[in-house]
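Enquirer: Sharing a structure below in structure tokens format, with a few things to ask.
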Amino acid sequence: MDAEPCWKCLDWKKELANNIITIDQLKQYAIFSPQEEATLREVAKVHPVNIPRYYLSLIDKNDPNDPIRRMCFPDAEELVVAGSMGATTADPYGDDKHDKGNGVLHKYDCTALLITTECCAMHCRHCFRRRIVGHSSQQTLRNFAGALQYIADNPKINNVILSGGDPLTLATPVLQKMLEGLAEIDHVDFVRIGTRIPVTYPLRIFDDALMDALRAFAERKALYIATHYNHAREITLTSTEAIKRLRLCGATINNQAVLLRGVNDSVEDIVELMNRLLSIGVNPYYLYQCMPVSRVRHHFQLPLKQGIAIVDKAKAQLSGYGKRFKYIIGHDIGKLEICGISEGNIVLKQMHARIGHEEQASRIIIQKLADDAGWVEL
């Protein structure tokens with residue numbers, strides 16, 4: 001394998017200005033027919049194009065079905081709002097129902113999630129918050145002092161998730177202020193940062209000031225970073241070094257992947273991904289069923305029966321640490337672990353209950369599952 005360019009040597013802020021953000025720029029990396037080009041321009045109006053040069057460098061240009069390309073290139077299928085897989089929604093996770101204003105989502109008693117920004121280093125084509133990412137949103141955090149006060153006023157909240165968008169696209173002083181504020185709240189025991197930066201834009205992690213801010217927080221409270229590798233080829237030398245730096249700061253790194261058609265939809269894909277994650281010190285945590293997101297479900301979601309078969313066969317080939325991940329439905333009512341199939345029925349275990357629905361916690365759900373069903377209605 002050829003040596004990677006020295007991405008970590010670049011100024012992360014300046015390099016963002018080199019992202020591919022138009023179809024005209026994308027034409028330098030792929031050939032489109034006039035009809036394809038016109039269609040992609042329509043797609044980009046709905047979900048803007050934004051691809052770092054680093055991530056583009058991972059694509060096999062000789063493979064039109066390359067899984068890395070599939071996650072970052074716009075596709076005509078994004079114009080399909082609903083298809084054979086069923087109905088879609090702009091808000092599959094039920095964010096709107098739990099929006100406390102000012103970027104605070106409070107779905108479960110013990111956890112508050114802060115939508116810190118609508119910005120990401122890359123606009124993933126499978127994004128479940130694509131209605132926010134890349135668009136000016138009223139659902140983002142605009143008054144951090146107000147968000148802190150909400151958390152301080154709710155002593156049941158023992159952990160906070162910084163999400164988005166991607167929190168690591170924030171300027172380091174802004175993120176540092178957030179972490180320092182959360183560290184001062186006694187009943188907050190740990191903080192999670194949800195980020196795809198180590199995957200799509202790892203040069204951000206080579207900012208020493210960011211590492212200092214994360215280390216300072218981790219010396220006071222537990223810090224967890226939930227990252228998002230979907231394919232083993234995303235685990236590059238640069239990305240691996242970025243993960244090492246995060247671990248040396250005292251952070252525990254967990255991975256939340258999504259099962260995606262044309263990306264990681266084989267037993268071999270899942271086995272290789274989980275083993276490679278373990279080899280760089282990242283814990284396999286969740287494998288999400290692709291949500292019924294508008295302009296995503298039609299071309300990325302797999303039928304649940306197919307997904308369950310893939311996961312079962314993959315886990316049979318993995319070590320104990322490799323098979324610790326849970327196959328998950330991130331449902332409006334809460335997270336559901338997919339336990340398997342029994343006599344044509346899907347068996348689910350509800351992991352969390354929404355505020356006001358505590359009786360649903362840990363319940364077992366069994367229901368008929370059609371061969372082509374990609375989601376469950378509850």
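Residue names in the structure tokens use chain letters A, B, ... in the order shown, residue numbers from 1 in each chain, and ligand numbers from 1 in the order shown.
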Could you please write out, as a list in words, every residue of range 165-221 of chain A that DSSP assigns to alpha helix (DSSP H)?
Expert: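 Those residues are Thr172, Pro173, Val174, Leu175, Gln176, Lys177, Met178, Leu179, Glu180, Gly181, Leu182, Ala183, Ile197, Pro198, Val199, Thr200, Asp208, Ala209, Leu210, Met211, Asp212, Ala213, Leu214, Arg215, Ala216, Phe217 and Ala218 of chain A.
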Enquirer: May I have the residues from that selection written out with N, CA and C atoms, as a compact mmCIF listing (two decimals), in the first residue's frame?
Expert:
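Result went into again-v7.txt, see below:
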```
# COMPACT_ATOMS: atom_id res chain seq x y z
N THR A 172 -12.10 25.12 19.09
CA THR A 172 -11.65 24.50 20.34
C THR A 172 -12.06 25.31 21.57
N PRO A 173 -11.92 26.65 21.59
CA PRO A 173 -12.35 27.39 22.79
C PRO A 173 -13.83 27.24 23.10
N VAL A 174 -14.67 27.11 22.06
CA VAL A 174 -16.11 26.93 22.27
C VAL A 174 -16.37 25.57 22.92
N LEU A 175 -15.76 24.53 22.38
CA LEU A 175 -15.94 23.19 22.93
C LEU A 175 -15.38 23.11 24.35
N GLN A 176 -14.25 23.75 24.56
CA GLN A 176 -13.65 23.76 25.89
C GLN A 176 -14.58 24.40 26.91
N LYS A 177 -15.23 25.50 26.54
CA LYS A 177 -16.16 26.17 27.45
C LYS A 177 -17.33 25.25 27.80
N MET A 178 -17.82 24.50 26.80
CA MET A 178 -18.91 23.56 27.06
C MET A 178 -18.49 22.49 28.05
N LEU A 179 -17.32 21.92 27.82
CA LEU A 179 -16.85 20.85 28.71
C LEU A 179 -16.60 21.35 30.12
N GLU A 180 -16.03 22.54 30.22
CA GLU A 180 -15.78 23.10 31.55
C GLU A 180 -17.08 23.35 32.28
N GLY A 181 -18.10 23.84 31.58
CA GLY A 181 -19.39 24.09 32.21
C GLY A 181 -20.04 22.81 32.69
N LEU A 182 -19.97 21.75 31.88
CA LEU A 182 -20.57 20.47 32.26
C LEU A 182 -19.81 19.84 33.42
N ALA A 183 -18.49 20.04 33.47
CA ALA A 183 -17.70 19.47 34.56
C ALA A 183 -18.07 20.07 35.91
N ILE A 197 -15.71 12.76 13.02
CA ILE A 197 -14.45 13.40 12.66
C ILE A 197 -13.28 12.42 12.56
N PRO A 198 -13.11 11.47 13.50
CA PRO A 198 -11.98 10.54 13.36
C PRO A 198 -12.03 9.73 12.07
N VAL A 199 -13.22 9.62 11.47
CA VAL A 199 -13.43 8.83 10.26
C VAL A 199 -13.28 9.69 9.01
N THR A 200 -13.95 10.82 8.98
CA THR A 200 -14.04 11.62 7.77
C THR A 200 -13.01 12.75 7.69
N ASP A 208 -3.37 20.23 18.98
CA ASP A 208 -2.94 20.00 20.36
C ASP A 208 -3.84 20.70 21.38
N ALA A 209 -4.38 21.86 21.00
CA ALA A 209 -5.26 22.58 21.92
C ALA A 209 -6.53 21.78 22.19
N LEU A 210 -7.05 21.11 21.16
CA LEU A 210 -8.23 20.25 21.35
C LEU A 210 -7.89 19.11 22.29
N MET A 211 -6.74 18.50 22.09
CA MET A 211 -6.35 17.39 22.95
C MET A 211 -6.21 17.85 24.40
N ASP A 212 -5.67 19.03 24.60
CA ASP A 212 -5.53 19.57 25.96
C ASP A 212 -6.89 19.76 26.61
N ALA A 213 -7.86 20.25 25.84
CA ALA A 213 -9.21 20.49 26.38
C ALA A 213 -9.88 19.17 26.75
N LEU A 214 -9.74 18.16 25.90
CA LEU A 214 -10.34 16.85 26.19
C LEU A 214 -9.65 16.21 27.40
N ARG A 215 -8.35 16.33 27.46
CA ARG A 215 -7.60 15.73 28.58
C ARG A 215 -7.97 16.40 29.90
N ALA A 216 -8.13 17.71 29.88
CA ALA A 216 -8.49 18.43 31.11
C ALA A 216 -9.85 17.98 31.61
N PHE A 217 -10.79 17.76 30.70
CA PHE A 217 -12.10 17.28 31.14
C PHE A 217 -12.00 15.86 31.67
N ALA A 218 -11.28 14.98 30.94
CA ALA A 218 -11.18 13.57 31.32
C ALA A 218 -10.50 13.38 32.66
```
Enquirer: Excluding same-chain residues fewer than 4 positions from Leu348 in chain A, what lies within 7 Å of it counting only C-alpha atoms, as a VMD selection string?
Expert: chain A and resid 336 to 339 364 to 366
Enquirer: Once you have the residues from the selection above, write them out as an mmCIF file, in the first residue's frame, restricted to C-alpha atoms.
Expert:
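Final file, part_3.cif:
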```cif
data_model
loop_
_atom_site.group_PDB
_atom_site.id
_atom_site.type_symbol
_atom_site.label_atom_id
_atom_site.label_comp_id
_atom_site.auth_asym_id
_atom_site.auth_seq_id
_atom_site.Cartn_x
_atom_site.Cartn_y
_atom_site.Cartn_z
ATOM 1 C CA LEU A 336 -34.837 -1.486 20.722
ATOM 2 C CA GLU A 337 -32.332 -4.326 20.673
ATOM 3 C CA ILE A 338 -32.982 -6.771 17.850
ATOM 4 C CA CYS A 339 -32.626 -10.173 19.508
ATOM 5 C CA ILE A 364 -39.937 -7.897 25.283
ATOM 6 C CA ILE A 365 -41.750 -7.167 22.018
ATOM 7 C CA ILE A 366 -42.650 -9.975 19.599
#
```
Enquirer: So that I can check the surroundings of Ile225 in chain A, please list as a PyMOL selection string every protein, DNA and RNA residue that reaches within 6 Å of it, counting only C-alpha atoms and ignoring chain neighbours fewer than 4 positions away.
Expert: chain A and resi 192-193+253
Enquirer: Output N, CA and C atoms of each residue in that selection to a file, as a compact mmCIF listing (two decimals), in the first residue's frame.
Expert:
```txt
# COMPACT_ATOMS: atom_id res chain seq x y z
N ARG A 192 -20.57 12.34 26.75
CA ARG A 192 -20.30 11.65 25.50
C ARG A 192 -20.23 12.67 24.37
N ILE A 193 -19.29 12.49 23.48
CA ILE A 193 -19.21 13.33 22.28
C ILE A 193 -19.46 12.43 21.07
N ILE A 253 -13.38 5.07 23.60
CA ILE A 253 -13.92 5.23 22.26
C ILE A 253 -14.83 4.05 21.94
```
Enquirer: Taking only residues of range 163-226 of chain A that have an atom at most 10 Å from an atom of range 116-123 of chain A, what is each one's shortest atom pair and its distance in Å to one decimal, using only C-alpha atoms, in chain and number order, as a tab-separated table?
Expert:
```
residue	atom	partner	partner_atom	distance
A:Ser163	CA	A:Thr116	CA	5.9
A:Gly164	CA	A:Thr117	CA	5.1
A:Gly165	CA	A:Glu118	CA	4.4
A:Asp166	CA	A:Cys120	CA	5.0
A:Pro167	CA	A:Thr116	CA	6.0
A:Leu168	CA	A:Cys120	CA	8.4
A:Thr169	CA	A:Cys120	CA	6.3
A:Leu170	CA	A:Thr117	CA	7.6
A:Leu175	CA	A:Thr116	CA	9.2
A:Met178	CA	A:Thr116	CA	9.6
A:Thr195	CA	A:Cys120	CA	8.9
A:Arg196	CA	A:Ala121	CA	8.3
A:Ile197	CA	A:Ala121	CA	6.9
A:Val199	CA	A:Met122	CA	9.9
A:Thr200	CA	A:Met122	CA	6.7
A:Tyr201	CA	A:Ala121	CA	6.5
A:Pro202	CA	A:Ala121	CA	9.9
A:Arg204	CA	A:Ala121	CA	9.5
```
Enquirer: Do you know which residues are at most 9 Å from Gly281 in chain A counting only C-alpha atoms, after dropping those on the same chain fewer than 5 positions away, and could you put them as a PyMOL selection string?
Expert: chain A and resi 243-244+247+252-254+276
Enquirer: Using C-alpha atoms, can you write the selected residues to a file as a PDB file, in the first residue's frame?
Expert:
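The file below, again-v1.pdb, is the result:
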```pdb
ATOM      1  CA  ILE A 243      -7.828   7.394  17.672  1.00  0.00           C
ATOM      2  CA  LYS A 244      -4.590   6.796  19.580  1.00  0.00           C
ATOM      3  CA  ARG A 247      -7.289   7.408  23.871  1.00  0.00           C
ATOM      4  CA  THR A 252     -13.061   5.680  25.944  1.00  0.00           C
ATOM      5  CA  ILE A 253     -13.917   5.225  22.262  1.00  0.00           C
ATOM      6  CA  ASN A 254     -17.065   3.371  21.197  1.00  0.00           C
ATOM      7  CA  ARG A 276     -10.350  -3.784  12.734  1.00  0.00           C
TER       8      ARG A 276
END
```
Enquirer: Which one of A:Ala30, A:Leu79, A:Ala316, A:Ala17 sits closest to Glu42 in chain A if you count only C-alpha atoms?
Expert: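 Comparing A:Ala30, A:Leu79, A:Ala316, A:Ala17 against Glu42 in chain A, the winner is A:Leu79.
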Enquirer: Need the shell around Gln360 in chain A: protein/DNA/RNA residues with any atom at most 12 Å away, counting only C-alpha atoms. Skip same-chain ones fewer than 4 positions apart. Format as number ranges by chain?
Expert: A: 333-336, 349-356, 364-365, 378
Enquirer: Using only C-alpha atoms, which of A:Gln301, A:Gln25, A:Ser239, A:Asn283 sits nearest Leu260 in chain A?
Expert: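 Closest residue, counting only C-alpha atoms: A:Gln301.
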Enquirer: Tell me which protein, DNA and RNA residues are within 12 Å of Asn158 in chain A, counting only C-alpha atoms, leaving out same-chain ones fewer than 5 positions away, and put them as an MDAnalysis selection string.
Expert: chainID A and resid 108:113 151:153 182:183 185:192 221:222
Enquirer: Quick check, in Å to one decimal: how far apart do CA of His231 in chain A and CA of Ala257 in chain A lie?
Expert: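 These two atoms are separated by 8.5 Å.
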Enquirer: When distances are computed from only C-alpha atoms, which of A:Asn154, A:Arg245, A:Lys61, A:Arg295 shows the smallest separation from Val43 in chain A?
Expert: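 Checking each candidate against Val43 in chain A, we get A:Arg295 as the closest.
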Enquirer: Determine which residues of range 144-376 of chain A DSSP labels as strand (DSSP E or B) from the backbone of this structure, then write them out as a ChimeraX atom specification.
Expert: /A:159-163,190-194,222-227,252-259,283-289,293,326-331,334-342,345-350,364-368
Enquirer: Quote the spacing between CA of Arg261 in chain A and CA of Gln289 in chain A in Å to one decimal place.
Expert: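 Computing it gives 10.6 Å between the two atoms.
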Enquirer: Excluding Lys313 in chain A and its own-chain neighbours fewer than 4 positions away, which residues fall within 12 Å of it when counting only C-alpha atoms? Please give them as a list in words.
Expert: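 Selected residues are Ser266, Val267, Glu268, Asp269, Ile270, Val271, Gln306, Gly307, Ile308, Ala309, Gln317, Leu318, Lys323 and Gly340 of chain A.
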